[in-house]
Amino acid sequence: MPIALLLAAIAVAGTNPAPDDSARAPLLEDHDVQVAMARLATEHKDLVSVVPVGALPSRGGRKIEALRIAAGAITPGRPAILVVADIDGPRVWTSGLALDHARHLAEGYASDPRTKQLLDTTTVYVIARANPDAAQARFAKPLREVEATGTGVDNDRDGRTGEDPPSDVDGDGLVTWMRVPDPEGEWMADPADPRATIRADRKKGQHGVWKLVPEGRDSDKDKQASEDPELDAVVNRNFPQGWKEHAPESGQFATDEPEARDLCDFVLDHKDIALVLTYGALDDFADKPKTVKDDAPAVKRIPPEGMPESDAALLEEIGRSYKKVAKSHAKSEGDDHGTFQSWCRTQRGLWCVNLELWSIPLDTPDAKAPEEAKPDEKKPEEAKAEEKKSEEKKADEKKSEEKKADEKKKPDDKPALSDEAKRLRWVDAKSETARFVPWKKMKHPDLGIEVEIGGWAPFATVEPPPKERDEIAAGELEFLLGLGDLLPRVRVADCTAKDLGGGVWEIQAWLANDAFLPFQSVAGKRSTSVRPARVSISLPKEAQLLAGERQELVADLAGSGARKKLRWLVHGAPPSALAVEVDTDRSGTAHVVPEVK
Amino acid sequence: MSPLLAALLLLQSAAPKPAGGQEPGFPGSPVNHRPKVEIPWNRFYDVAEVYAHLDRLEAAFPGFIRHEVIGQSFEKREMRVYTITNPATGKDTEKPAMWIDGNVHGNEVQGAEAAMYAAWYLLENYASNPDAKDLLDGSALYVLPMQNPDGRAHWIEDANDPHSSRTGYIPTDDDGDGRLDEDGPDDLDGDGEITQMRKYVPGHGTHRLDPDDPRMLVPVPPNDKGIRGDWILLGEEGIDNDGDGLVNEDSKGGYDMNRAWPSSWEPENIQGGAGPYPLRWPESLCIARFVLAHPNIAAVQSFHNSGGMILRGPGAEAFGEYPASDVRAYDELGRDGERMLPFYRYMVIWKDLYTVFGGFVTWTYEGLGILSFTNELWSGEEYFPDESKNPNPGRNFFGTNSQEQKHFFDDKLLLGAGFVPWHPFDHPLYGKIEIGGYRKDVGRVPPSFLIEGMIHRNALFCIRHAKEMPLVAIEEPTVTDLGDGVRAIDVVFRNKHLIPTRTGRAAQEKVGEPDAYTISGRGVEVLAGGFRSDLWLPEKMVLAERDPARLLREEGIPGRGEVRVRWFVRGEGQEATVGWTGEKGRDASLKVRVR
């Protein structure tokens, strides 16, 4: 049978929310990821190598590895970009996308000037599968969307751990959701679309009727279903910045989860990394980040939460370039406490761009009401602009589950849609029926009451349709290709020697950074993690340094053409015997002999 | 035989006298007692010697003390935990245990000896002292004498001062110049000590010689009389090894292993020495894994020096207050500690000392819910305990002494052994200077003759703490016939000791597992059960939703408190076993008549 038909058949059967026929971002099992990486390294020995990420296997015994892609000799101080995909688990498709980037870089070096420019000046590390244990759930049966891979806790405080996990109760091969009737339940059907389940809002006179829990049994017979899963710790909640002690998802201590420790060690061992690009659940461009003043004082010694304004402004500018080449997407899901992204940015002083590459759009018009649907009649470009405008509007809102007034509707019309209902509109419009399992009543085998089983299928809300994946891959590669040029690179713009007479020379050097990004961010400066530029003057033994610093540490150098002047007076050696040296971890190095002026 | 005679004979035979009039049980009674294992307690031992002493204890008290290697330091020295308990009364994991360690800072050596002493003392007194016997029968000790064996080894073997070698020995870039450990202090005069440098600069100095004692420099602040100093202090012995214009700015290591622990952890810019993430150091990681694997640990002491303090958290103001019930237990132990340890003050770390993020006892309490102290051993006030006789107090916050006091003590009581006299040296940068000052084992560690008192008192403070680990007894069972074959069984679960079976912190944050209160018996059907809240009105109870034969309680049993349980039962069974089980106390059980 032709592969397309076969895959379509699988889609209809409902065991897989989206068939894996994306050319550029296929769904890859761990083994396939490793094979792809090894093959790329073998086929492009001069450009690509496989390097380990940390020393620890995952709890499931899986290695984490990175591709290192660079051309020519890698000089000290040459900056690196670290691309990290699939750190959260469910976004398995991003691994394929990251490997697609790697393949395009390796294959494009010889023919594409932008790729050549990038790989000649910048190293690119790609960790395509940062969370192999969670990712494997994408290929398991029954299918269950899993984030937790680490230490389990006694969630229901009954003296046992992990005795009541989610499971496939109705035998459809999917672990979905259950609406369990409960007088203390907080959930109800969205009046606008009863498929959607929303939190009841007492302020609106609503009262909840259901508990909403993962599909599962009541294995411990405590009248609660699936409340104590085997594993609780989530890798991307196990990092030290904003780590929430005693939350089940946090793990026993920050970096206890081997993947978290491995990623930290990789960043620490590769001091050339200047910028981290993540494809995960966080997005820097969908919402405006919470900012604080650059010099905001600490409270009880803890710096205030939020991005320094100067850093946010730079990020916003990068966001503008991003939106020119890649599709903008829906607002970010959650907060960054305990995440890798937050640690990199706040504690390691790394430049970070975090992207949630896709989520189910919230702006699909109502198919049943063509008159009011202005967007339907717009031309594609206008629709895109409208979409962008509504993106920005959404960026001002904070809630994700509450009803929102739809301004296109008449006041006495149908009730406003929840975000869930909006997602279902997209599902209907695109006929992505496999993503949402219709609610079906069933007598629960343990609870003895009738529950409804259904709701979002595993991975339905995070995995774009294959065609869109290809499109996203193209845009993201464009963005990646341009990132190298943004990175700070310190050079000696000018180095002169002026003869003052009597064998005394005045040496002047101008440090320069012409890239868009400063030598370090405000967060970086605060973290003290970025090694300053070490500027030194070397003289032969017989010469004397009459004035100036033999060695100076320069931590401040802005971007976009900043200059810093350094001066020395040297006696007893000609300029040709002197040198000004600049040494950095990730912004270049220089060794310059002063020019006589 | 008359009762009196019998009693006398009994007395005589009670304590067998070994040959030569040497009885067991040492120290305490100094006459006619000799330890099984002689350990001179008037000096400090290197890493191998510490383990060798403990190995001798293992050989002398077989079964009562054993060790396991839990990991390795960075320089591959063994990290050992010694478990001390009576194996005949149960495994260590079935008993509450006290964790005792020392020497996380390499220069703070006396904690190792204090921890060793606690083990030694209990073992030596087990056979003859009921308190020691009870403690080792009913509980266990986990002793890790050195959290930082590398730091200790280097402090002892290399040239150091009282404060150096605090760190571990992973090379670290302290000054941000991209080089590792490239410029530490140097033993310029080759005397095995890192002392101080001073230079004579007549009319241009900040200090002048003390007119009574030229070993001492007295500061000369700016004044309106035109008096200038003739001397300047140049800091620790050393040169500019890396030519960057700074002296001694990047010594070996450069991090603080007592800022590595996971609770209230903050990175380097907020907490110096913390490193890039918690438990980064191999020593810290293996200790944490051991502690996490032993949820029976119910008390913690971590020894440091110096200053004479009995410290508890919070380490940082941002944390807030500890639960009042836990503070009350801390206060009782802290106040007793102040009496047992002259010149030591019971203090809250952030409030009374300074802010510490990521400290060990912060983690063991805030993270693991264990009542934990960290003592700073040795206060300079112990030099001159009698203030009335001491002419120039001059003591500062850390209990160190004025220069005059220090010299008097050193001259008269140590015959000047602690001080290296000033002597000339030709320095490559500073020219003609003098080198001199106190040796590394003056100031933060006591002189040899005061060591045993320090470690004995602190070890006995540990024992005071350990004796308060939870002890649960099940008491006062009563049966009330309610008719129709239904009976109410009331039982009191008592915790005889000060430390609750679950601290307020543990209950608050749901650390570990709740205690379980059980009843079972053949032919005994349990209809319902719960915790009573009123002595007079039995219907006031928190009824269990399910599984009444196994009640769970997040809050545990309060220190020196009780929990009253009522079960409703019926059936033909005559007898039931009521039990208690929890992480931090030995299981208890009681056979109860139910008909």
# chains A, B, ... in the order shown; residues from 1 in each chain; ligands from 1
$ residues_around --residues "His67 in chain B" --least-positions-apart "6" --cutoff "8 Å" --atoms "only C-alpha atoms" --output "list in words"
Arg80, Val81, Tyr82 and Thr83 of chain B
$ interface_residues --of "chain B" --to "chain A" --cutoff "8 Å" --atoms "only C-alpha atoms" --output "PDB file with N, CA, C and O atoms, in the first residue's frame"
ATOM      1  N   GLY B 176      38.778  35.388  37.539  1.00  0.00           N
ATOM      2  CA  GLY B 176      38.195  35.658  36.222  1.00  0.00           C
ATOM      3  C   GLY B 176      39.197  35.940  35.130  1.00  0.00           C
ATOM      4  O   GLY B 176      38.865  36.560  34.120  1.00  0.00           O
ATOM      5  N   ASP B 177      40.426  35.465  35.292  1.00  0.00           N
ATOM      6  CA  ASP B 177      41.415  35.736  34.248  1.00  0.00           C
ATOM      7  C   ASP B 177      41.640  34.532  33.348  1.00  0.00           C
ATOM      8  O   ASP B 177      42.579  34.525  32.550  1.00  0.00           O
ATOM      9  N   GLY B 178      40.809  33.521  33.480  1.00  0.00           N
ATOM     10  CA  GLY B 178      40.922  32.376  32.593  1.00  0.00           C
ATOM     11  C   GLY B 178      41.964  31.363  33.017  1.00  0.00           C
ATOM     12  O   GLY B 178      42.124  30.336  32.375  1.00  0.00           O
ATOM     13  N   GLY B 243      51.980  37.584  37.501  1.00  0.00           N
ATOM     14  CA  GLY B 243      52.335  38.857  36.873  1.00  0.00           C
ATOM     15  C   GLY B 243      51.162  39.748  36.508  1.00  0.00           C
ATOM     16  O   GLY B 243      51.260  40.562  35.598  1.00  0.00           O
ATOM     17  N   ASP B 244      50.054  39.614  37.214  1.00  0.00           N
ATOM     18  CA  ASP B 244      48.913  40.462  36.876  1.00  0.00           C
ATOM     19  C   ASP B 244      48.792  41.653  37.809  1.00  0.00           C
ATOM     20  O   ASP B 244      47.763  42.329  37.813  1.00  0.00           O
ATOM     21  N   GLY B 245      49.815  41.870  38.617  1.00  0.00           N
ATOM     22  CA  GLY B 245      49.770  43.009  39.517  1.00  0.00           C
ATOM     23  C   GLY B 245      49.059  42.731  40.830  1.00  0.00           C
ATOM     24  O   GLY B 245      49.002  43.592  41.699  1.00  0.00           O
ATOM     25  N   PRO B 262      21.095  21.815  48.665  1.00  0.00           N
ATOM     26  CA  PRO B 262      20.014  22.200  47.751  1.00  0.00           C
ATOM     27  C   PRO B 262      18.923  23.146  48.259  1.00  0.00           C
ATOM     28  O   PRO B 262      18.185  23.674  47.433  1.00  0.00           O
ATOM     29  N   SER B 263      18.786  23.340  49.582  1.00  0.00           N
ATOM     30  CA  SER B 263      17.701  24.218  50.043  1.00  0.00           C
ATOM     31  C   SER B 263      18.184  25.649  50.147  1.00  0.00           C
ATOM     32  O   SER B 263      19.297  25.887  50.599  1.00  0.00           O
ATOM     33  N   TRP B 265      19.283  27.416  47.993  1.00  0.00           N
ATOM     34  CA  TRP B 265      20.559  27.516  47.267  1.00  0.00           C
ATOM     35  C   TRP B 265      20.510  28.708  46.345  1.00  0.00           C
ATOM     36  O   TRP B 265      19.490  28.972  45.708  1.00  0.00           O
ATOM     37  N   PRO B 267      23.123  31.047  43.468  1.00  0.00           N
ATOM     38  CA  PRO B 267      24.376  30.954  42.707  1.00  0.00           C
ATOM     39  C   PRO B 267      25.428  31.945  43.194  1.00  0.00           C
ATOM     40  O   PRO B 267      25.181  32.787  44.050  1.00  0.00           O
ATOM     41  N   GLU B 268      26.577  31.850  42.600  1.00  0.00           N
ATOM     42  CA  GLU B 268      27.806  32.543  42.978  1.00  0.00           C
ATOM     43  C   GLU B 268      27.653  34.039  43.248  1.00  0.00           C
ATOM     44  O   GLU B 268      28.263  34.570  44.178  1.00  0.00           O
ATOM     45  N   ASN B 269      26.888  34.735  42.435  1.00  0.00           N
ATOM     46  CA  ASN B 269      26.819  36.188  42.595  1.00  0.00           C
ATOM     47  C   ASN B 269      26.019  36.587  43.837  1.00  0.00           C
ATOM     48  O   ASN B 269      26.170  37.686  44.352  1.00  0.00           O
ATOM     49  N   ILE B 270      25.150  35.686  44.289  1.00  0.00           N
ATOM     50  CA  ILE B 270      24.384  35.958  45.499  1.00  0.00           C
ATOM     51  C   ILE B 270      25.058  35.306  46.706  1.00  0.00           C
ATOM     52  O   ILE B 270      25.054  35.849  47.802  1.00  0.00           O
ATOM     53  N   PRO B 276      28.264  26.447  40.369  1.00  0.00           N
ATOM     54  CA  PRO B 276      27.235  26.675  39.353  1.00  0.00           C
ATOM     55  C   PRO B 276      25.905  25.954  39.581  1.00  0.00           C
ATOM     56  O   PRO B 276      24.911  26.301  38.949  1.00  0.00           O
ATOM     57  N   TYR B 277      25.893  24.941  40.422  1.00  0.00           N
ATOM     58  CA  TYR B 277      24.629  24.284  40.765  1.00  0.00           C
ATOM     59  C   TYR B 277      24.827  23.496  42.050  1.00  0.00           C
ATOM     60  O   TYR B 277      25.959  23.219  42.439  1.00  0.00           O
ATOM     61  N   PRO B 278      23.717  23.152  42.751  1.00  0.00           N
ATOM     62  CA  PRO B 278      23.855  22.469  44.040  1.00  0.00           C
ATOM     63  C   PRO B 278      24.534  21.112  43.890  1.00  0.00           C
ATOM     64  O   PRO B 278      24.419  20.459  42.855  1.00  0.00           O
ATOM     65  N   ALA B 316      18.855  32.268  55.648  1.00  0.00           N
ATOM     66  CA  ALA B 316      18.578  33.506  54.920  1.00  0.00           C
ATOM     67  C   ALA B 316      17.275  34.105  55.401  1.00  0.00           C
ATOM     68  O   ALA B 316      16.312  33.380  55.686  1.00  0.00           O
ATOM     69  N   GLU B 317      17.259  35.423  55.464  1.00  0.00           N
ATOM     70  CA  GLU B 317      16.067  36.125  55.931  1.00  0.00           C
ATOM     71  C   GLU B 317      14.865  35.816  55.046  1.00  0.00           C
ATOM     72  O   GLU B 317      13.738  35.720  55.529  1.00  0.00           O
ATOM     73  N   ALA B 318      15.134  35.627  53.747  1.00  0.00           N
ATOM     74  CA  ALA B 318      14.041  35.432  52.794  1.00  0.00           C
ATOM     75  C   ALA B 318      13.196  34.213  53.125  1.00  0.00           C
ATOM     76  O   ALA B 318      12.049  34.119  52.706  1.00  0.00           O
ATOM     77  N   GLY B 367      14.850  21.174  53.902  1.00  0.00           N
ATOM     78  CA  GLY B 367      14.588  20.199  52.852  1.00  0.00           C
ATOM     79  C   GLY B 367      14.099  18.868  53.383  1.00  0.00           C
ATOM     80  O   GLY B 367      13.218  18.239  52.804  1.00  0.00           O
ATOM     81  N   GLU B 509       5.557  20.571  54.560  1.00  0.00           N
ATOM     82  CA  GLU B 509       5.993  20.372  53.180  1.00  0.00           C
ATOM     83  C   GLU B 509       5.826  18.938  52.713  1.00  0.00           C
ATOM     84  O   GLU B 509       6.261  18.584  51.624  1.00  0.00           O
ATOM     85  N   LYS B 510       5.198  18.117  53.544  1.00  0.00           N
ATOM     86  CA  LYS B 510       4.931  16.723  53.179  1.00  0.00           C
ATOM     87  C   LYS B 510       6.224  15.998  52.794  1.00  0.00           C
ATOM     88  O   LYS B 510       6.297  15.324  51.770  1.00  0.00           O
ATOM     89  N   VAL B 511       7.214  16.154  53.653  1.00  0.00           N
ATOM     90  CA  VAL B 511       8.489  15.476  53.448  1.00  0.00           C
ATOM     91  C   VAL B 511       8.373  14.047  53.940  1.00  0.00           C
ATOM     92  O   VAL B 511       7.810  13.796  55.005  1.00  0.00           O
ATOM     93  N   GLU B 513       7.261  10.268  54.642  1.00  0.00           N
ATOM     94  CA  GLU B 513       5.969   9.579  54.764  1.00  0.00           C
ATOM     95  C   GLU B 513       5.307   9.890  56.092  1.00  0.00           C
ATOM     96  O   GLU B 513       5.982  10.020  57.105  1.00  0.00           O
ATOM     97  N   PRO B 514       3.978   9.976  56.094  1.00  0.00           N
ATOM     98  CA  PRO B 514       3.276  10.170  57.375  1.00  0.00           C
ATOM     99  C   PRO B 514       3.445   8.932  58.264  1.00  0.00           C
ATOM    100  O   PRO B 514       3.710   7.834  57.776  1.00  0.00           O
ATOM    101  N   ARG B 546     -10.917   6.281  54.740  1.00  0.00           N
ATOM    102  CA  ARG B 546     -10.821   4.893  54.297  1.00  0.00           C
ATOM    103  C   ARG B 546      -9.744   4.198  55.080  1.00  0.00           C
ATOM    104  O   ARG B 546      -8.966   4.854  55.777  1.00  0.00           O
ATOM    105  N   LEU B 552      -3.208   7.304  59.061  1.00  0.00           N
ATOM    106  CA  LEU B 552      -1.981   8.007  58.707  1.00  0.00           C
ATOM    107  C   LEU B 552      -2.043   9.423  59.253  1.00  0.00           C
ATOM    108  O   LEU B 552      -3.109  10.049  59.245  1.00  0.00           O
TER     109      LEU B 552
END
$ residues_around --residues "Trp426 in chain A" --least-positions-apart "5" --cutoff "8 Å" --atoms "only C-alpha atoms" --output "PDB file with all heavy atoms, in the first residue's frame"
ATOM      1  N   ILE A 360      -1.679  24.715  18.981  1.00  0.00           N
ATOM      2  CA  ILE A 360      -2.928  24.811  18.217  1.00  0.00           C
ATOM      3  C   ILE A 360      -3.384  26.266  18.209  1.00  0.00           C
ATOM      4  O   ILE A 360      -3.547  26.871  19.277  1.00  0.00           O
ATOM      5  CB  ILE A 360      -4.006  23.898  18.818  1.00  0.00           C
ATOM      6  CG1 ILE A 360      -3.561  22.434  18.742  1.00  0.00           C
ATOM      7  CG2 ILE A 360      -5.324  24.093  18.059  1.00  0.00           C
ATOM      8  CD1 ILE A 360      -4.580  21.448  19.286  1.00  0.00           C
ATOM      9  N   PRO A 361      -3.583  26.831  17.018  1.00  0.00           N
ATOM     10  CA  PRO A 361      -3.965  28.245  16.947  1.00  0.00           C
ATOM     11  C   PRO A 361      -5.291  28.507  17.642  1.00  0.00           C
ATOM     12  O   PRO A 361      -6.164  27.634  17.714  1.00  0.00           O
ATOM     13  CB  PRO A 361      -4.071  28.491  15.437  1.00  0.00           C
ATOM     14  CG  PRO A 361      -3.285  27.410  14.793  1.00  0.00           C
ATOM     15  CD  PRO A 361      -3.377  26.230  15.697  1.00  0.00           C
ATOM     16  N   LEU A 362      -5.453  29.740  18.118  1.00  0.00           N
ATOM     17  CA  LEU A 362      -6.666  30.123  18.832  1.00  0.00           C
ATOM     18  C   LEU A 362      -7.539  31.064  18.011  1.00  0.00           C
ATOM     19  O   LEU A 362      -8.487  31.652  18.526  1.00  0.00           O
ATOM     20  CB  LEU A 362      -6.284  30.815  20.150  1.00  0.00           C
ATOM     21  CG  LEU A 362      -5.481  29.974  21.133  1.00  0.00           C
ATOM     22  CD1 LEU A 362      -5.065  30.813  22.330  1.00  0.00           C
ATOM     23  CD2 LEU A 362      -6.292  28.780  21.612  1.00  0.00           C
ATOM     24  N   ASP A 363      -7.214  31.196  16.741  1.00  0.00           N
ATOM     25  CA  ASP A 363      -7.895  32.237  15.982  1.00  0.00           C
ATOM     26  C   ASP A 363      -8.629  31.689  14.767  1.00  0.00           C
ATOM     27  O   ASP A 363      -8.872  32.396  13.814  1.00  0.00           O
ATOM     28  CB  ASP A 363      -6.875  33.283  15.533  1.00  0.00           C
ATOM     29  CG  ASP A 363      -5.759  32.638  14.723  1.00  0.00           C
ATOM     30  OD1 ASP A 363      -5.767  31.390  14.561  1.00  0.00           O
ATOM     31  OD2 ASP A 363      -4.873  33.372  14.257  1.00  0.00           O
ATOM     32  N   THR A 364      -8.961  30.423  14.828  1.00  0.00           N
ATOM     33  CA  THR A 364      -9.716  29.876  13.692  1.00  0.00           C
ATOM     34  C   THR A 364     -11.136  30.414  13.719  1.00  0.00           C
ATOM     35  O   THR A 364     -11.807  30.336  14.753  1.00  0.00           O
ATOM     36  CB  THR A 364      -9.750  28.332  13.796  1.00  0.00           C
ATOM     37  OG1 THR A 364      -8.427  27.859  13.986  1.00  0.00           O
ATOM     38  CG2 THR A 364     -10.374  27.723  12.540  1.00  0.00           C
TER      39      THR A 364
END
$ select_by_dssp --residues "range 418-483 of chain B" --states "strand (DSSP E or B)" --output "ChimeraX atom specification"
/B:419-427,431-438,472-483
$ residues_around --residues "Ala523 in chain A" --least-positions-apart "4" --cutoff "12 Å" --atoms "only C-alpha atoms" --output "VMD selection string"
(chain A and resid 291 to 296 303 to 312 342 to 352 518 to 519 527 to 530) or (chain B and resid 269)
$ closest_residue --among "A:Ile453, A:Leu355, A:Ala573, A:Ala326" --to "Phe479 in chain A" --atoms "only C-alpha atoms"
A:Ala326
$ residues_around --residues "range 103-105 of chain A" --least-positions-apart "3" --cutoff "9 Å" --atoms "only C-alpha atoms" --output "mmCIF file with all heavy atoms, in the first residue's frame"
data_model
loop_
_atom_site.group_PDB
_atom_site.id
_atom_site.type_symbol
_atom_site.label_atom_id
_atom_site.label_comp_id
_atom_site.auth_asym_id
_atom_site.auth_seq_id
_atom_site.Cartn_x
_atom_site.Cartn_y
_atom_site.Cartn_z
ATOM 1 N N LEU A 40 25.496 11.510 10.036
ATOM 2 C CA LEU A 40 25.895 12.864 9.649
ATOM 3 C C LEU A 40 27.380 13.090 9.925
ATOM 4 O O LEU A 40 28.106 13.680 9.111
ATOM 5 C CB LEU A 40 25.056 13.872 10.431
ATOM 6 C CG LEU A 40 24.789 15.219 9.769
ATOM 7 C CD1 LEU A 40 24.167 15.049 8.400
ATOM 8 C CD2 LEU A 40 23.884 16.057 10.664
ATOM 9 N N ILE A 69 29.089 21.140 15.038
ATOM 10 C CA ILE A 69 29.217 21.471 13.621
ATOM 11 C C ILE A 69 30.020 22.746 13.502
ATOM 12 O O ILE A 69 29.629 23.789 14.039
ATOM 13 C CB ILE A 69 27.821 21.668 12.986
ATOM 14 C CG1 ILE A 69 26.916 20.469 13.315
ATOM 15 C CG2 ILE A 69 27.945 21.863 11.473
ATOM 16 C CD1 ILE A 69 25.463 20.707 13.032
ATOM 17 N N ALA A 98 15.562 19.696 14.601
ATOM 18 C CA ALA A 98 16.927 20.089 14.931
ATOM 19 C C ALA A 98 17.938 19.321 14.090
ATOM 20 O O ALA A 98 18.943 19.883 13.635
ATOM 21 C CB ALA A 98 17.187 19.859 16.424
ATOM 22 N N LEU A 99 17.663 18.036 13.872
ATOM 23 C CA LEU A 99 18.574 17.253 13.033
ATOM 24 C C LEU A 99 18.508 17.733 11.587
ATOM 25 O O LEU A 99 19.504 17.690 10.859
ATOM 26 C CB LEU A 99 18.227 15.769 13.117
ATOM 27 C CG LEU A 99 18.604 15.117 14.445
ATOM 28 C CD1 LEU A 99 18.083 13.685 14.516
ATOM 29 C CD2 LEU A 99 20.107 15.141 14.646
ATOM 30 N N ASP A 100 17.327 18.207 11.188
ATOM 31 C CA ASP A 100 17.178 18.773 9.847
ATOM 32 C C ASP A 100 18.086 19.999 9.701
ATOM 33 O O ASP A 100 18.746 20.193 8.673
ATOM 34 C CB ASP A 100 15.711 19.149 9.625
ATOM 35 C CG ASP A 100 15.481 19.748 8.248
ATOM 36 O OD1 ASP A 100 15.451 18.976 7.285
ATOM 37 O OD2 ASP A 100 15.348 20.979 8.158
ATOM 38 N N GLY A 108 24.962 22.173 3.293
ATOM 39 C CA GLY A 108 24.926 23.482 2.657
ATOM 40 C C GLY A 108 26.222 24.239 2.713
ATOM 41 O O GLY A 108 26.374 25.285 2.078
ATOM 42 N N TYR A 109 27.171 23.729 3.494
ATOM 43 C CA TYR A 109 28.406 24.495 3.694
ATOM 44 C C TYR A 109 29.091 24.827 2.377
ATOM 45 O O TYR A 109 29.552 25.949 2.157
ATOM 46 C CB TYR A 109 29.359 23.738 4.626
ATOM 47 C CG TYR A 109 30.689 24.431 4.799
ATOM 48 C CD1 TYR A 109 30.801 25.540 5.631
ATOM 49 C CD2 TYR A 109 31.834 24.002 4.108
ATOM 50 C CE1 TYR A 109 32.006 26.203 5.792
ATOM 51 C CE2 TYR A 109 33.043 24.654 4.261
ATOM 52 C CZ TYR A 109 33.123 25.756 5.107
ATOM 53 O OH TYR A 109 34.318 26.411 5.257
ATOM 54 N N ASP A 112 26.157 27.143 0.082
ATOM 55 C CA ASP A 112 25.402 28.301 0.547
ATOM 56 C C ASP A 112 26.316 29.259 1.309
ATOM 57 O O ASP A 112 26.848 28.920 2.352
ATOM 58 C CB ASP A 112 24.249 27.841 1.458
ATOM 59 C CG ASP A 112 23.508 29.002 2.052
ATOM 60 O OD1 ASP A 112 23.322 30.022 1.334
ATOM 61 O OD2 ASP A 112 23.122 28.939 3.232
ATOM 62 N N THR A 115 25.562 29.761 5.044
ATOM 63 C CA THR A 115 25.954 28.615 5.877
ATOM 64 C C THR A 115 27.462 28.617 6.078
ATOM 65 O O THR A 115 27.954 28.379 7.185
ATOM 66 C CB THR A 115 25.519 27.297 5.217
ATOM 67 O OG1 THR A 115 24.117 27.363 4.963
ATOM 68 C CG2 THR A 115 25.825 26.114 6.099
ATOM 69 N N LYS A 116 28.185 28.912 4.985
ATOM 70 C CA LYS A 116 29.637 28.945 5.084
ATOM 71 C C LYS A 116 30.068 30.019 6.087
ATOM 72 O O LYS A 116 30.934 29.802 6.925
ATOM 73 C CB LYS A 116 30.238 29.225 3.708
ATOM 74 C CG LYS A 116 31.758 29.171 3.696
ATOM 75 C CD LYS A 116 32.317 29.301 2.294
ATOM 76 C CE LYS A 116 33.827 29.168 2.199
ATOM 77 N NZ LYS A 116 34.645 29.429 3.354
ATOM 78 N N LEU A 118 28.407 31.207 8.559
ATOM 79 C CA LEU A 118 28.095 30.782 9.927
ATOM 80 C C LEU A 118 29.121 29.787 10.437
ATOM 81 O O LEU A 118 29.725 29.985 11.494
ATOM 82 C CB LEU A 118 26.693 30.163 9.981
ATOM 83 C CG LEU A 118 26.275 29.607 11.353
ATOM 84 C CD1 LEU A 118 26.130 30.715 12.383
ATOM 85 C CD2 LEU A 118 24.971 28.813 11.256
ATOM 86 N N LEU A 119 29.370 28.728 9.676
ATOM 87 C CA LEU A 119 30.223 27.645 10.177
ATOM 88 C C LEU A 119 31.702 28.009 10.187
ATOM 89 O O LEU A 119 32.483 27.397 10.912
ATOM 90 C CB LEU A 119 30.005 26.373 9.366
ATOM 91 C CG LEU A 119 28.603 25.770 9.490
ATOM 92 C CD1 LEU A 119 28.509 24.462 8.721
ATOM 93 C CD2 LEU A 119 28.227 25.544 10.949
ATOM 94 N N LEU A 477 15.327 27.450 10.218
ATOM 95 C CA LEU A 477 16.697 27.363 9.712
ATOM 96 C C LEU A 477 17.183 28.738 9.282
ATOM 97 O O LEU A 477 18.313 29.133 9.547
ATOM 98 C CB LEU A 477 16.766 26.379 8.537
ATOM 99 C CG LEU A 477 18.146 26.238 7.888
ATOM 100 C CD1 LEU A 477 19.153 25.671 8.888
ATOM 101 C CD2 LEU A 477 18.085 25.358 6.640
ATOM 102 N N LEU A 481 20.470 30.618 10.736
ATOM 103 C CA LEU A 481 21.588 31.054 9.892
ATOM 104 C C LEU A 481 21.990 32.493 10.191
ATOM 105 O O LEU A 481 23.141 32.874 10.014
ATOM 106 C CB LEU A 481 21.220 30.912 8.407
ATOM 107 C CG LEU A 481 21.200 29.474 7.875
ATOM 108 C CD1 LEU A 481 20.643 29.417 6.459
ATOM 109 C CD2 LEU A 481 22.599 28.881 7.904
#
$ closest_atom_pairs --of "range 410-490 of chain B" --to "range 586-592 of chain B" --cutoff "12 Å" --atoms "only C-alpha atoms" --output "Markdown table"
| residue | atom | partner | partner_atom | distance |
| --- | --- | --- | --- | --- |
| B:Met469 | CA | B:Arg586 | CA | 10.1 |
| B:Pro470 | CA | B:Arg586 | CA | 8.1 |
| B:Leu471 | CA | B:Arg586 | CA | 7.0 |
| B:Val472 | CA | B:Ala588 | CA | 6.4 |
| B:Ala473 | CA | B:Ala588 | CA | 6.2 |
| B:Ile474 | CA | B:Leu590 | CA | 6.3 |
| B:Glu475 | CA | B:Leu590 | CA | 7.9 |
| B:Glu476 | CA | B:Val592 | CA | 9.7 |
| B:Pro477 | CA | B:Val592 | CA | 6.7 |
| B:Thr478 | CA | B:Val592 | CA | 8.6 |
| B:Val479 | CA | B:Val592 | CA | 9.1 |
| B:Ile489 | CA | B:Val592 | CA | 8.9 |
| B:Asp490 | CA | B:Val592 | CA | 10.1 |
